[in-house]
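Participant: I'd like to ask you about the structure that follows.
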Amino acid sequence: MKLILASGSPRRRQLLTDLGLAYEIRLREVDESFPADLRRAEIAEYLARRKAAAYRADLGADEVLLTADTIVCLDDDVLNKPADAAEARQMLTRLQGRAHQVYTGVCVLPGDGREPVVFADETTVYFRAMSEAEIAFYVANYHPLDKAGAYGAQDWLGLVGIDRLEGSYFNVMGLPTHRVWAALQAFL
């Protein structure tokens with residue numbers, strides 16, 4: 001089977017490369033809205049399934065598609081990708097000094113008609129209290145607008161702001177590699 005990654009995320013690409021997997025990238029725009037009654041892991045799984053559904057008709061019988069979506073949750077609020085620098089600063093101000101959850105939903109869809117494997121992984125991230133200057137520095141010098149919750153664990157803010165994690169570090173980067181590897185073994 002040939003692995004197809006339906007993601008523009010450079011972090012997901014790097015993680016699959018680090019796993020030693022060969023893959024092809026396919027990209028298209030997919031609506032990332034979700035029903036209001038979904039919560040946390042359900043949202044991430046729903047979005048991963050929705051992305052996979054957009055590619056289903058174009059998948060060859062010898063292909064397996066991998067889609068993923070990462071969300072950041074603070075209490076019951078979903079912190080998606082910020083629209084601008086002001087929203088990024090606002091999100092990071094809310095996250096600093098607190099714990100929050102990161103969920104990555106994954107869908108592994110074989111093109112040969114077998115049922116997809118869908119799951120979500122959860123990681124709790126603990127941020128230390130950060131100053132307004134630290135947050136402003138990060139927003140001005142890094143690229144938080146393409147990241148759920150306005151930060152990357154692998155970026156400067158993760159290096160200086162994350163006290164500890166409970167769960168997979170790679171899940172926070174956008175792909176729970178240990179679970180993806182296990183799921184792909186059934187298809188590749």
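Note on naming: chains are A, B, ... as they come in the structure tokens, residues start from 1 per chain, ligands start from 1 in the order shown.
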With DSSP run on the backbone, what are the helix (DSSP H, G or I) residues within range 83-113 of chain A? I'd like them as an MDAnalysis selection string.
Facilitator: chainID A and resid 85:95
Participant: Using C-alpha atoms, can you export the residues from the last selection as a compact mmCIF listing (two decimals), in the first residue's frame?
Facilitator:
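File written: result08.txt
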# COMPACT_ATOMS: atom_id res chain seq x y z
CA ALA A 85 -1.20 38.43 16.20
CA ALA A 86 -3.62 40.02 18.69
CA GLU A 87 -5.64 36.81 18.95
CA ALA A 88 -2.40 34.79 19.32
CA ARG A 89 -1.31 36.99 22.24
CA GLN A 90 -4.76 36.65 23.79
CA MET A 91 -4.68 32.84 23.54
CA LEU A 92 -1.19 32.58 24.99
CA THR A 93 -2.12 34.92 27.83
CA ARG A 94 -5.02 32.60 28.66
CA LEU A 95 -2.80 29.49 28.51
Participant: Residues near Val72 in chain A, anyone? I mean within 7 Å using only C-alpha atoms, not counting same-chain ones fewer than 3 positions away, as a list in words.
Facilitator: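 Everything that qualifies: Val78, Leu79, Asn80, Gln101, Val102, Tyr103, Ala148 and Gly149 of chain A.
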Participant: For N, CA, C and O atoms, I'd like the residues from the last selection saved as a PDB file, in the first residue's frame.
Facilitator:
ATOM      1  N   VAL A  78     -12.348  25.698  22.749  1.00  0.00           N
ATOM      2  CA  VAL A  78     -11.415  25.198  21.735  1.00  0.00           C
ATOM      3  C   VAL A  78     -10.636  26.396  21.199  1.00  0.00           C
ATOM      4  O   VAL A  78     -11.225  27.366  20.729  1.00  0.00           O
ATOM      5  N   LEU A  79      -9.315  26.306  21.292  1.00  0.00           N
ATOM      6  CA  LEU A  79      -8.443  27.361  20.788  1.00  0.00           C
ATOM      7  C   LEU A  79      -7.855  26.882  19.463  1.00  0.00           C
ATOM      8  O   LEU A  79      -6.887  26.128  19.440  1.00  0.00           O
ATOM      9  N   ASN A  80      -8.452  27.305  18.376  1.00  0.00           N
ATOM     10  CA  ASN A  80      -7.985  26.921  17.052  1.00  0.00           C
ATOM     11  C   ASN A  80      -6.812  27.795  16.648  1.00  0.00           C
ATOM     12  O   ASN A  80      -6.210  28.477  17.474  1.00  0.00           O
ATOM     13  N   GLN A 101      -5.406  20.861  27.498  1.00  0.00           N
ATOM     14  CA  GLN A 101      -5.335  19.593  26.798  1.00  0.00           C
ATOM     15  C   GLN A 101      -5.156  19.822  25.299  1.00  0.00           C
ATOM     16  O   GLN A 101      -5.735  20.753  24.730  1.00  0.00           O
ATOM     17  N   VAL A 102      -4.362  18.952  24.703  1.00  0.00           N
ATOM     18  CA  VAL A 102      -4.185  18.923  23.259  1.00  0.00           C
ATOM     19  C   VAL A 102      -4.694  17.577  22.771  1.00  0.00           C
ATOM     20  O   VAL A 102      -4.322  16.530  23.314  1.00  0.00           O
ATOM     21  N   TYR A 103      -5.572  17.623  21.771  1.00  0.00           N
ATOM     22  CA  TYR A 103      -6.127  16.415  21.166  1.00  0.00           C
ATOM     23  C   TYR A 103      -5.756  16.395  19.694  1.00  0.00           C
ATOM     24  O   TYR A 103      -5.938  17.398  18.999  1.00  0.00           O
ATOM     25  N   ALA A 148      -2.667  25.456  16.252  1.00  0.00           N
ATOM     26  CA  ALA A 148      -3.761  25.444  17.225  1.00  0.00           C
ATOM     27  C   ALA A 148      -3.233  25.943  18.563  1.00  0.00           C
ATOM     28  O   ALA A 148      -2.133  25.571  18.987  1.00  0.00           O
ATOM     29  N   GLY A 149      -3.985  26.807  19.215  1.00  0.00           N
ATOM     30  CA  GLY A 149      -3.563  27.355  20.497  1.00  0.00           C
ATOM     31  C   GLY A 149      -2.469  28.395  20.390  1.00  0.00           C
ATOM     32  O   GLY A 149      -1.984  28.897  21.395  1.00  0.00           O
TER      33      GLY A 149
END
Participant: Counting only C-alpha atoms, what is within 9 Å of Ala61 in chain A, bar same-chain residues fewer than 2 positions away, as an MDAnalysis selection string?
Facilitator: chainID A and resid 1 59 63:64 110:113
Participant: For the residues selected in the previous step, produce a file with C-alpha atoms as a PDB file, in the first residue's frame.
Facilitator:
ATOM      1  CA  MET A   1       0.000   0.000   0.000  1.00  0.00           C
ATOM      2  CA  LEU A  59      -8.140   7.058  -3.403  1.00  0.00           C
ATOM      3  CA  GLU A  63      -3.417   3.588  -1.264  1.00  0.00           C
ATOM      4  CA  VAL A  64      -3.968   4.383   2.404  1.00  0.00           C
ATOM      5  CA  PRO A 110      -7.568   2.428   3.154  1.00  0.00           C
ATOM      6  CA  GLY A 111      -8.602   2.836  -0.465  1.00  0.00           C
ATOM      7  CA  ASP A 112      -9.522  -0.829  -0.815  1.00  0.00           C
ATOM      8  CA  GLY A 113     -12.823  -0.524   1.017  1.00  0.00           C
TER       9      GLY A 113
END
Participant: Using only C-alpha atoms, which residues sit within 12 Å of range 40-48 of chain A once same-chain residues fewer than 2 positions away are excluded, as a PDB file with C-alpha atoms, in the first residue's frame?
Facilitator:
ATOM      1  CA  LEU A   5      -0.614  12.269   3.751  1.00  0.00           C
ATOM      2  CA  ALA A   6      -3.405  14.820   3.451  1.00  0.00           C
ATOM      3  CA  SER A   7      -1.802  17.591   5.484  1.00  0.00           C
ATOM      4  CA  VAL A  30     -11.598  21.147   3.705  1.00  0.00           C
ATOM      5  CA  ASP A  31     -14.129  22.959   5.873  1.00  0.00           C
ATOM      6  CA  GLU A  32     -12.941  22.632   9.483  1.00  0.00           C
ATOM      7  CA  SER A  33     -16.191  23.599  11.182  1.00  0.00           C
ATOM      8  CA  PHE A  34     -17.757  21.099  13.567  1.00  0.00           C
ATOM      9  CA  PRO A  35     -21.102  20.589  15.309  1.00  0.00           C
ATOM     10  CA  ALA A  36     -21.459  22.625  18.508  1.00  0.00           C
ATOM     11  CA  ASP A  37     -22.471  19.591  20.578  1.00  0.00           C
ATOM     12  CA  LEU A  38     -19.110  17.833  20.132  1.00  0.00           C
ATOM     13  CA  ARG A  50     -14.179  14.960   7.603  1.00  0.00           C
ATOM     14  CA  LYS A  51     -10.796  15.541   5.995  1.00  0.00           C
ATOM     15  CA  ALA A  52     -10.559  11.872   4.967  1.00  0.00           C
ATOM     16  CA  ALA A  53     -14.044  11.955   3.436  1.00  0.00           C
ATOM     17  CA  ALA A  54     -12.898  14.756   1.109  1.00  0.00           C
ATOM     18  CA  TYR A  55     -10.295  12.399  -0.421  1.00  0.00           C
ATOM     19  CA  LEU A  65      -4.768   7.930   3.445  1.00  0.00           C
ATOM     20  CA  LEU A  66      -3.652   9.581   6.681  1.00  0.00           C
ATOM     21  CA  THR A  67      -5.470  12.686   7.928  1.00  0.00           C
ATOM     22  CA  ALA A  68      -5.148  14.440  11.270  1.00  0.00           C
ATOM     23  CA  ASP A  69      -6.416  17.472  13.116  1.00  0.00           C
ATOM     24  CA  THR A  70      -5.047  18.955  16.326  1.00  0.00           C
ATOM     25  CA  ILE A  71      -7.057  21.111  18.707  1.00  0.00           C
ATOM     26  CA  VAL A  72      -6.145  22.838  21.953  1.00  0.00           C
ATOM     27  CA  CYS A  73      -8.742  22.937  24.731  1.00  0.00           C
ATOM     28  CA  LEU A  74      -8.704  25.209  27.743  1.00  0.00           C
ATOM     29  CA  ASP A  75     -11.576  24.213  29.975  1.00  0.00           C
ATOM     30  CA  ASP A  76     -14.434  23.861  27.457  1.00  0.00           C
ATOM     31  CA  ASP A  77     -13.033  26.375  24.965  1.00  0.00           C
ATOM     32  CA  VAL A  78     -11.415  25.198  21.735  1.00  0.00           C
ATOM     33  CA  LEU A  79      -8.443  27.361  20.788  1.00  0.00           C
ATOM     34  CA  ASN A  80      -7.985  26.921  17.052  1.00  0.00           C
ATOM     35  CA  HIS A 100      -4.635  22.593  29.011  1.00  0.00           C
ATOM     36  CA  GLN A 101      -5.335  19.593  26.798  1.00  0.00           C
ATOM     37  CA  VAL A 102      -4.185  18.923  23.259  1.00  0.00           C
ATOM     38  CA  TYR A 103      -6.127  16.415  21.166  1.00  0.00           C
ATOM     39  CA  THR A 104      -5.058  15.081  17.823  1.00  0.00           C
ATOM     40  CA  GLY A 105      -7.650  13.160  15.865  1.00  0.00           C
ATOM     41  CA  VAL A 106      -6.353  10.716  13.268  1.00  0.00           C
ATOM     42  CA  CYS A 107      -8.060   8.863  10.435  1.00  0.00           C
ATOM     43  CA  VAL A 108      -6.304   6.081   8.525  1.00  0.00           C
ATOM     44  CA  LEU A 109      -8.459   5.315   5.495  1.00  0.00           C
ATOM     45  CA  PRO A 116     -10.962   3.282   8.504  1.00  0.00           C
ATOM     46  CA  VAL A 117      -9.153   3.432  11.824  1.00  0.00           C
ATOM     47  CA  VAL A 118     -10.119   6.598  13.705  1.00  0.00           C
ATOM     48  CA  PHE A 119      -8.855   7.688  17.103  1.00  0.00           C
ATOM     49  CA  ALA A 120      -7.821  10.699  19.154  1.00  0.00           C
ATOM     50  CA  ASP A 121      -4.887  11.038  21.494  1.00  0.00           C
ATOM     51  CA  GLU A 122      -4.805  13.401  24.476  1.00  0.00           C
ATOM     52  CA  THR A 123      -1.888  15.190  26.096  1.00  0.00           C
ATOM     53  CA  ALA A 148      -3.761  25.444  17.225  1.00  0.00           C
ATOM     54  CA  ASN A 171       0.771  14.450  19.853  1.00  0.00           C
ATOM     55  CA  GLY A 174       0.392  17.269  15.645  1.00  0.00           C
ATOM     56  CA  LEU A 175       0.734  13.505  15.279  1.00  0.00           C
TER      57      LEU A 175
END
Participant: Please identify all polymer residues within 8 Å of Gly97 in chain A, counting only C-alpha atoms, omitting same-chain residues fewer than 6 positions from it, and present them as an MDAnalysis selection string.
Facilitator: chainID A and resid 126:130
Participant: From the DSSP assignment of the backbone, select every residue of chain A that is strand (DSSP E or B), and format the answer as a ChimeraX atom specification.
Facilitator: /A:2-5,24-25,63-74,77-79,99-110,117-127,162-166
Participant: With only C-alpha atoms as the atoms that count, which of A:Asp146, A:Leu27, A:Val172, A:Ser131 lies nearest to Val160 in chain A?
Facilitator: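 Using only C-alpha atoms, Val160 in chain A sits closest to A:Ser131.
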Participant: As a short mmCIF file (atom, residue, chain, number, x, y, z; two decimals) with N, CA, C and O atoms, in the first residue's frame, please: the residues near Leu145 in chain A (cut-off 7 Å, only C-alpha atoms, same-chain neighbours under 3 positions excluded).
Facilitator:
data_model
loop_
_atom_site.label_atom_id
_atom_site.label_comp_id
_atom_site.auth_asym_id
_atom_site.auth_seq_id
_atom_site.Cartn_x
_atom_site.Cartn_y
_atom_site.Cartn_z
N LYS A 81 -6.50 27.83 15.37
CA LYS A 81 -5.44 28.69 14.87
C LYS A 81 -5.89 30.15 15.01
O LYS A 81 -7.02 30.48 14.63
N PRO A 82 -5.05 31.00 15.55
CA PRO A 82 -5.45 32.40 15.71
C PRO A 82 -5.54 33.12 14.36
O PRO A 82 -4.80 32.81 13.43
N ALA A 83 -6.44 34.07 14.29
CA ALA A 83 -6.65 34.83 13.05
C ALA A 83 -5.56 35.87 12.82
O ALA A 83 -5.24 36.20 11.69
N ASP A 84 -4.99 36.39 13.92
CA ASP A 84 -3.98 37.44 13.80
C ASP A 84 -3.12 37.46 15.07
O ASP A 84 -3.34 36.69 15.99
N ALA A 88 -3.46 35.69 18.83
CA ALA A 88 -2.40 34.79 19.32
C ALA A 88 -1.95 35.21 20.71
O ALA A 88 -1.82 34.36 21.61
N ALA A 150 -2.02 28.71 19.18
CA ALA A 150 -1.03 29.75 18.89
C ALA A 150 0.38 29.42 19.35
O ALA A 150 1.19 30.32 19.58
#
Participant: Which is closer to Arg164 in chain A than all the others in A:Arg56, A:Ser9, A:Ala99, A:Tyr23, using only C-alpha atoms?
Facilitator: A:Ala99
